[in-house]
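> Before anything else, here's the structure in question.
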Number of protein chains: 2
Amino acid sequence: MTYDNFDPDGQKIKLFTPGPVQVPDWILTELAKPNDTHRSNPYRELHALVRAKMQKLLHTHNDVFFWTNSGTGVMEACIWNLIGPDDKAIFFPCGAFGERWAKTAEQCGKGDNSVIVNVEWGKGVSAELVKKELSQDKYDVVFMTMNETSTGVMNPIWKIGPIVKEYGALLCVDSVSCMAGVDINVDAWGIDVALASTQKCFALPPGLAISSVSAAALEKAKTVPNRGNYFDFLDMLKKSQSNETPSTPAIPLLRALNTMLDYILDEEGPENRYKRHASMAKYIREWAVQQGFEIFSEEGYHSNTVVTIKNNLNLNTAKWVKKAIEHGYRFVDGYGDLKGKTFRIAAMGEISMNDVKEFLTLLMKLFDEVK
Amino acid sequence: MTYDNFDPDGQKIKLFTPGPVQVPDWILTELAKPNDTHRSNPYRELHALVRAKMQKLLHTHNDVFFWTNSGTGVMEACIWNLIGPDDKAIFFPCGAFGERWAKTAEQCGKGDNSVIVNVEWGKGVSAELVKKELSQDKYDVVFMTMNETSTGVMNPIWKIGPIVKEYGALLCVDSVSCMAGVDINVDAWGIDVALASTQKCFALPPGLAISSVSAAALEKAKTVPNRGNYFDFLDMLKKSQSNETPSTPAIPLLRALNTMLDYILDEEGPENRYKRHASMAKYIREWAVQQGFEIFSEEGYHSNTVVTIKNNLNLNTAKWVKKAIEHGYRFVDGYGDLKGKTFRIAAMGEISMNDVKEFLTLLMKLFDEVK
């Protein structure tokens, strides 16, 4: 059986990738159920249920929107809705996805008035750095990546949020690769937009994104012209009030998200889920160090969902990835320029500690072949 | 058993709605299969397969892009990519979705230089009207709705396309509610962007959109600033060349589309599929006339996928819809201001003539209760 070709009967490869991740069978079953239309009471009921559960998960009273697009689309939504012609935005990229956000502002013609504070890849964005920048100039919107998938860095939004609020700016947080894998306290931390997509720690297939949006962000959007149609917060708000979306949503994924949230909130329990993710990431880091590798992310800023490991042993990482696929497992090389210099192991969603141990055992078996 | 509540075990309601439509079981099964990531050979192989099949269906050599958003998003993509600062666009709305397109241009700040030629709801956009307008001024882009879901009108793109080419403009066609239900000859008709989503005549769930994009449209995009990120044709093109998408796509739906295209192209046959849709729409129109109703769409411009019927018998259409739901069927009232004045019956995707007859028999049984 080969995994490296399109298999019409389903690919059984085990994914230790930072999204899309392994989807459990009981979620796949949900996707195969027939649905009513998006202008029906069953849909509205589903929409309302999932919103209430998301509000509980994120500890927020803010509205929650469901977006039929990838998380990247919601990042763009923040640009169109929150940066007005006279506004000054600040970005703190510490990896590829932070850079994507800043680049998106440029692509939308909103880069001229933006400040980009680049942080060396592998380092975290410290609360001190944010405070220093915000104290030096007046900013309207702050864009942060909570979990940087390229470098395995998690930034302390719990410290950064209150600082941003102190300076009176709006705070947008890309939590694509950590929401449902680490605790996010939207209201307590002062996050105006927290966004994520379903193919990471929620363990669903891709095709749906989620965001909480604060009243302050919605008020701001009212003042920003040319927000477009598809990503307009105010269209989303209007339809949200009747438990709908402006255009046709990815209904099967919303149904699956409902089932997953029941599991997270009532069966596993959010705290247990977060502990499980933290333990798996810690185990992977410790394993890597035991093998003689160094961890790419800075101490104190390690991600709980994806571990980026320096390839200081000079293994052939491309070959290692390929060999693992032959054994039915997928992990990933470094991102972009870090290919060959780092590799990444993610443990997100429904992956268990036993799965992690099984996979790391395989990686060790392949050592000699990739030296 | 009640259908008007969210049923966690799956809603079995039969949909005669103009999307989302009934999804056959053998497609639901596809959605429940596990997938590899979007940066894998299996994904790339799937992407390439589906593109080739879409090119065959649309009779085109143009590239085909897969969008993880509703069709509305691709309508917006056309605005961002094809209307430059000095360009003049022309819209021919003849119903709600044509109006949405013109409004989207405004929402993107591109409305100032646009001309909107409103056509009375229920009437079609004639080739003569398009020729008259294009001969009076120089336009860069023409926006057309092929099948207007609100009014049941189908516009003759096969006549309009060659006229638009004669005047040297780009042609964007919203074929959301007819692609895969009627034949579309992208190259022969001169369509630069033909767009659709999966929850209509393809009989898949919502969450994926499709567009062909011509070389001329791609060249044009290179000259248009501030195209944003998510809807950028050139980012899509770049990734398309390696059989990928810029951000994570709705993989389960692409897999299901592959299976559906095999069925359309090799089992039912496109010609048979188009004949079946035409026959069902004709049958619904004839049935309506027999009952004493009038057809809302103008003679010569009837849609082959959705029939909009005047409520000249003054039935309580809202009650009729509700009663039908109690019997396990859903059809829809008129769109927006047409609520109560019209009602709509769609026969899209995998619905058969027998299904249509069964449903119309039920509607007649309910007559006395809604008079």
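Chain labels run A, B, ... following the order of the structure tokens; each chain numbers its residues from 1, and ligands are numbered from 1 in the order shown.
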Output the contact residues of chain A with respect to chain B at a cut-off of 7 Å, based on only C-alpha atoms, as JSON, numbers by chain.
{"A": [4, 5, 6, 10, 11, 12, 13, 20, 23, 28, 29, 31, 32, 33, 34, 35, 36, 37, 41, 42, 43, 45, 46, 68, 69, 70, 72, 73, 104, 107, 108, 109, 206, 207, 226, 227, 228, 229, 230, 247, 248, 249, 250, 251]}
> Could you find all residues in stretch 215-350 of chain B that DSSP calls alpha helix (DSSP H) from the backbone, and write them as a PyMOL selection string?
chain B and resi 215-221+233-240+251-262+270-290+317-326
> Just the strand (DSSP E or B) stuff from stretch 21-212 of chain A, please, per backbone DSSP, written as a ChimeraX atom specification.
/A:63-67,89-91,114-116,141-145,147-148,153-154,170-174,179,182,193-197,209-212
> Report, in Å to a single decimal, how far apart atom CA of A:Gly124 and atom CA of A:Gly168 are.
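Distance reported for this atom pair: 22.9 Å.
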> When you look at A:Gly334 with a cut-off of 7 Å (counting only C-alpha atoms), what residues show up, excluding the ones that are within fewer than 6 positions of it in the same chain? I need them as a VMD selection string.
chain A and resid 340 to 344
> Those residues with N, CA and C atoms, as an mmCIF file, in the first residue's frame please?

data_model
loop_
_atom_site.group_PDB
_atom_site.id
_atom_site.type_symbol
_atom_site.label_atom_id
_atom_site.label_comp_id
_atom_site.auth_asym_id
_atom_site.auth_seq_id
_atom_site.Cartn_x
_atom_site.Cartn_y
_atom_site.Cartn_z
ATOM 1 N N GLY A 340 15.306 21.971 5.892
ATOM 2 C CA GLY A 340 16.627 21.367 6.057
ATOM 3 C C GLY A 340 17.345 21.841 7.308
ATOM 4 N N LYS A 341 17.027 23.076 7.731
ATOM 5 C CA LYS A 341 17.673 23.620 8.939
ATOM 6 C C LYS A 341 16.883 23.287 10.205
ATOM 7 N N THR A 342 15.586 23.081 10.021
ATOM 8 C CA THR A 342 14.730 22.667 11.141
ATOM 9 C C THR A 342 13.767 21.598 10.623
ATOM 10 N N PHE A 343 13.084 20.935 11.532
ATOM 11 C CA PHE A 343 11.920 20.106 11.173
ATOM 12 C C PHE A 343 10.882 20.295 12.263
ATOM 13 N N ARG A 344 9.642 19.938 11.935
ATOM 14 C CA ARG A 344 8.565 20.236 12.876
ATOM 15 C C ARG A 344 7.694 19.013 13.174
#
> Which is closer to B:His59 than all the others in B:Ala102, B:Ala194, B:Glu128, B:Lys165, using only C-alpha atoms?
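Going through B:Ala102, B:Ala194, B:Glu128, B:Lys165 one by one, the smallest distance to B:His59 is for B:Ala194.
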> Separation of atom CA of B:Ile284 and atom CA of B:Leu360, in Å?
8.0 Å
> Which polymer residues have any atom within 7 Å of an atom of A:Met146, counting only C-alpha atoms, with same-chain residues fewer than 5 positions away left out, as an NGL selection string?
:A and (154-155 or 157 or 173-175)
> For stretch 181-183 of chain B, work out the shell of residues within 7 Å, counting only C-alpha atoms and skipping chain neighbours fewer than 4 positions away, then give it as a VMD selection string.
chain B and resid 201 273 to 274 277 305 348 to 349
> Could the residues in this selection be written to a file with C-alpha atoms, as a tab-separated table (two decimals), in the first residue's frame?

chain	number	residue	atom	x	y	z
B	201	CYS	CA	-26.13	21.72	-9.65
B	273	ARG	CA	-27.56	15.80	-17.32
B	274	TYR	CA	-28.41	19.04	-19.10
B	277	HIS	CA	-32.43	19.57	-15.88
B	305	THR	CA	-32.60	24.88	-12.94
B	348	MET	CA	-30.87	20.87	-9.34
B	349	GLY	CA	-28.19	18.25	-9.03
> Work out how far apart atom CA of B:Ala188 and atom CA of B:Ser135 are and give it in Å to one decimal.
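Value for the atom CA of B:Ala188-atom CA of B:Ser135 distance: 21.8 Å.
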> Fewer than 4 positions away in the same chain doesn't count, so skip those; otherwise give me all residues within 8 Å of B:Asp87, counting only C-alpha atoms, as number ranges by chain.
B: 83, 113, 139-141
> List the spatial neighbours of stretch 53-58 of chain A as a ChimeraX atom specification - criterion: any atom at most 12 Å away, only C-alpha atoms, same-chain residues fewer than 2 positions off excluded.
/A:46-51,60-66,175,178-191,193-196,202,209-214,254,257-266,269-271,273-274
> I need the residues from that last selection saved to file as a compact mmCIF listing (two decimals), in the first residue's frame (with C-alpha atoms), if you can.

# COMPACT_ATOMS: atom_id res chain seq x y z
CA LEU A 46 -27.19 24.73 14.99
CA HIS A 47 -25.55 28.14 14.45
CA ALA A 48 -26.81 29.42 17.81
CA LEU A 49 -25.67 26.26 19.63
CA VAL A 50 -22.15 26.40 18.19
CA ARG A 51 -21.81 30.11 18.92
CA THR A 60 -16.11 35.60 26.06
CA HIS A 61 -19.35 37.52 25.76
CA ASN A 62 -18.28 38.77 22.34
CA ASP A 63 -20.13 37.66 19.23
CA VAL A 64 -18.59 34.70 17.39
CA PHE A 65 -18.64 34.59 13.59
CA PHE A 66 -18.30 31.51 11.38
CA SER A 175 -4.64 31.81 17.18
CA CYS A 178 -3.49 26.89 19.11
CA MET A 179 -7.20 27.61 19.70
CA ALA A 180 -8.75 24.53 21.37
CA GLY A 181 -5.23 23.34 22.19
CA VAL A 182 -4.35 26.05 24.72
CA ASP A 183 -6.63 28.17 26.91
CA ILE A 184 -7.58 31.55 25.43
CA ASN A 185 -9.28 34.05 27.72
CA VAL A 186 -10.68 36.49 25.19
CA ASP A 187 -12.42 38.86 27.60
CA ALA A 188 -9.88 38.76 30.44
CA TRP A 189 -6.94 39.33 28.11
CA GLY A 190 -8.72 42.02 26.06
CA ILE A 191 -8.63 40.35 22.63
CA VAL A 193 -10.55 39.53 17.38
CA ALA A 194 -9.37 35.99 18.15
CA LEU A 195 -9.36 33.87 15.01
CA ALA A 196 -8.74 30.24 14.14
CA PHE A 202 -10.19 21.31 16.72
CA ALA A 209 -12.81 29.51 10.30
CA ILE A 210 -14.01 31.02 13.56
CA SER A 211 -13.54 34.41 15.17
CA SER A 212 -14.74 36.24 18.22
CA VAL A 213 -15.27 39.95 17.50
CA SER A 214 -15.62 42.57 20.23
CA LEU A 254 -20.39 23.59 11.47
CA LEU A 257 -17.72 21.57 15.12
CA ASN A 258 -20.84 21.30 17.25
CA THR A 259 -20.08 17.65 17.98
CA MET A 260 -16.40 18.39 18.67
CA LEU A 261 -17.29 21.22 21.07
CA ASP A 262 -19.61 18.88 22.98
CA TYR A 263 -16.69 16.50 23.31
CA ILE A 264 -14.22 19.20 24.36
CA LEU A 265 -16.51 20.95 26.83
CA ASP A 266 -18.37 18.00 28.34
CA GLY A 269 -12.90 18.93 29.49
CA PRO A 270 -10.97 21.98 28.24
CA GLU A 271 -8.43 21.87 31.08
CA ARG A 273 -7.30 19.00 26.71
CA TYR A 274 -4.87 21.85 27.33
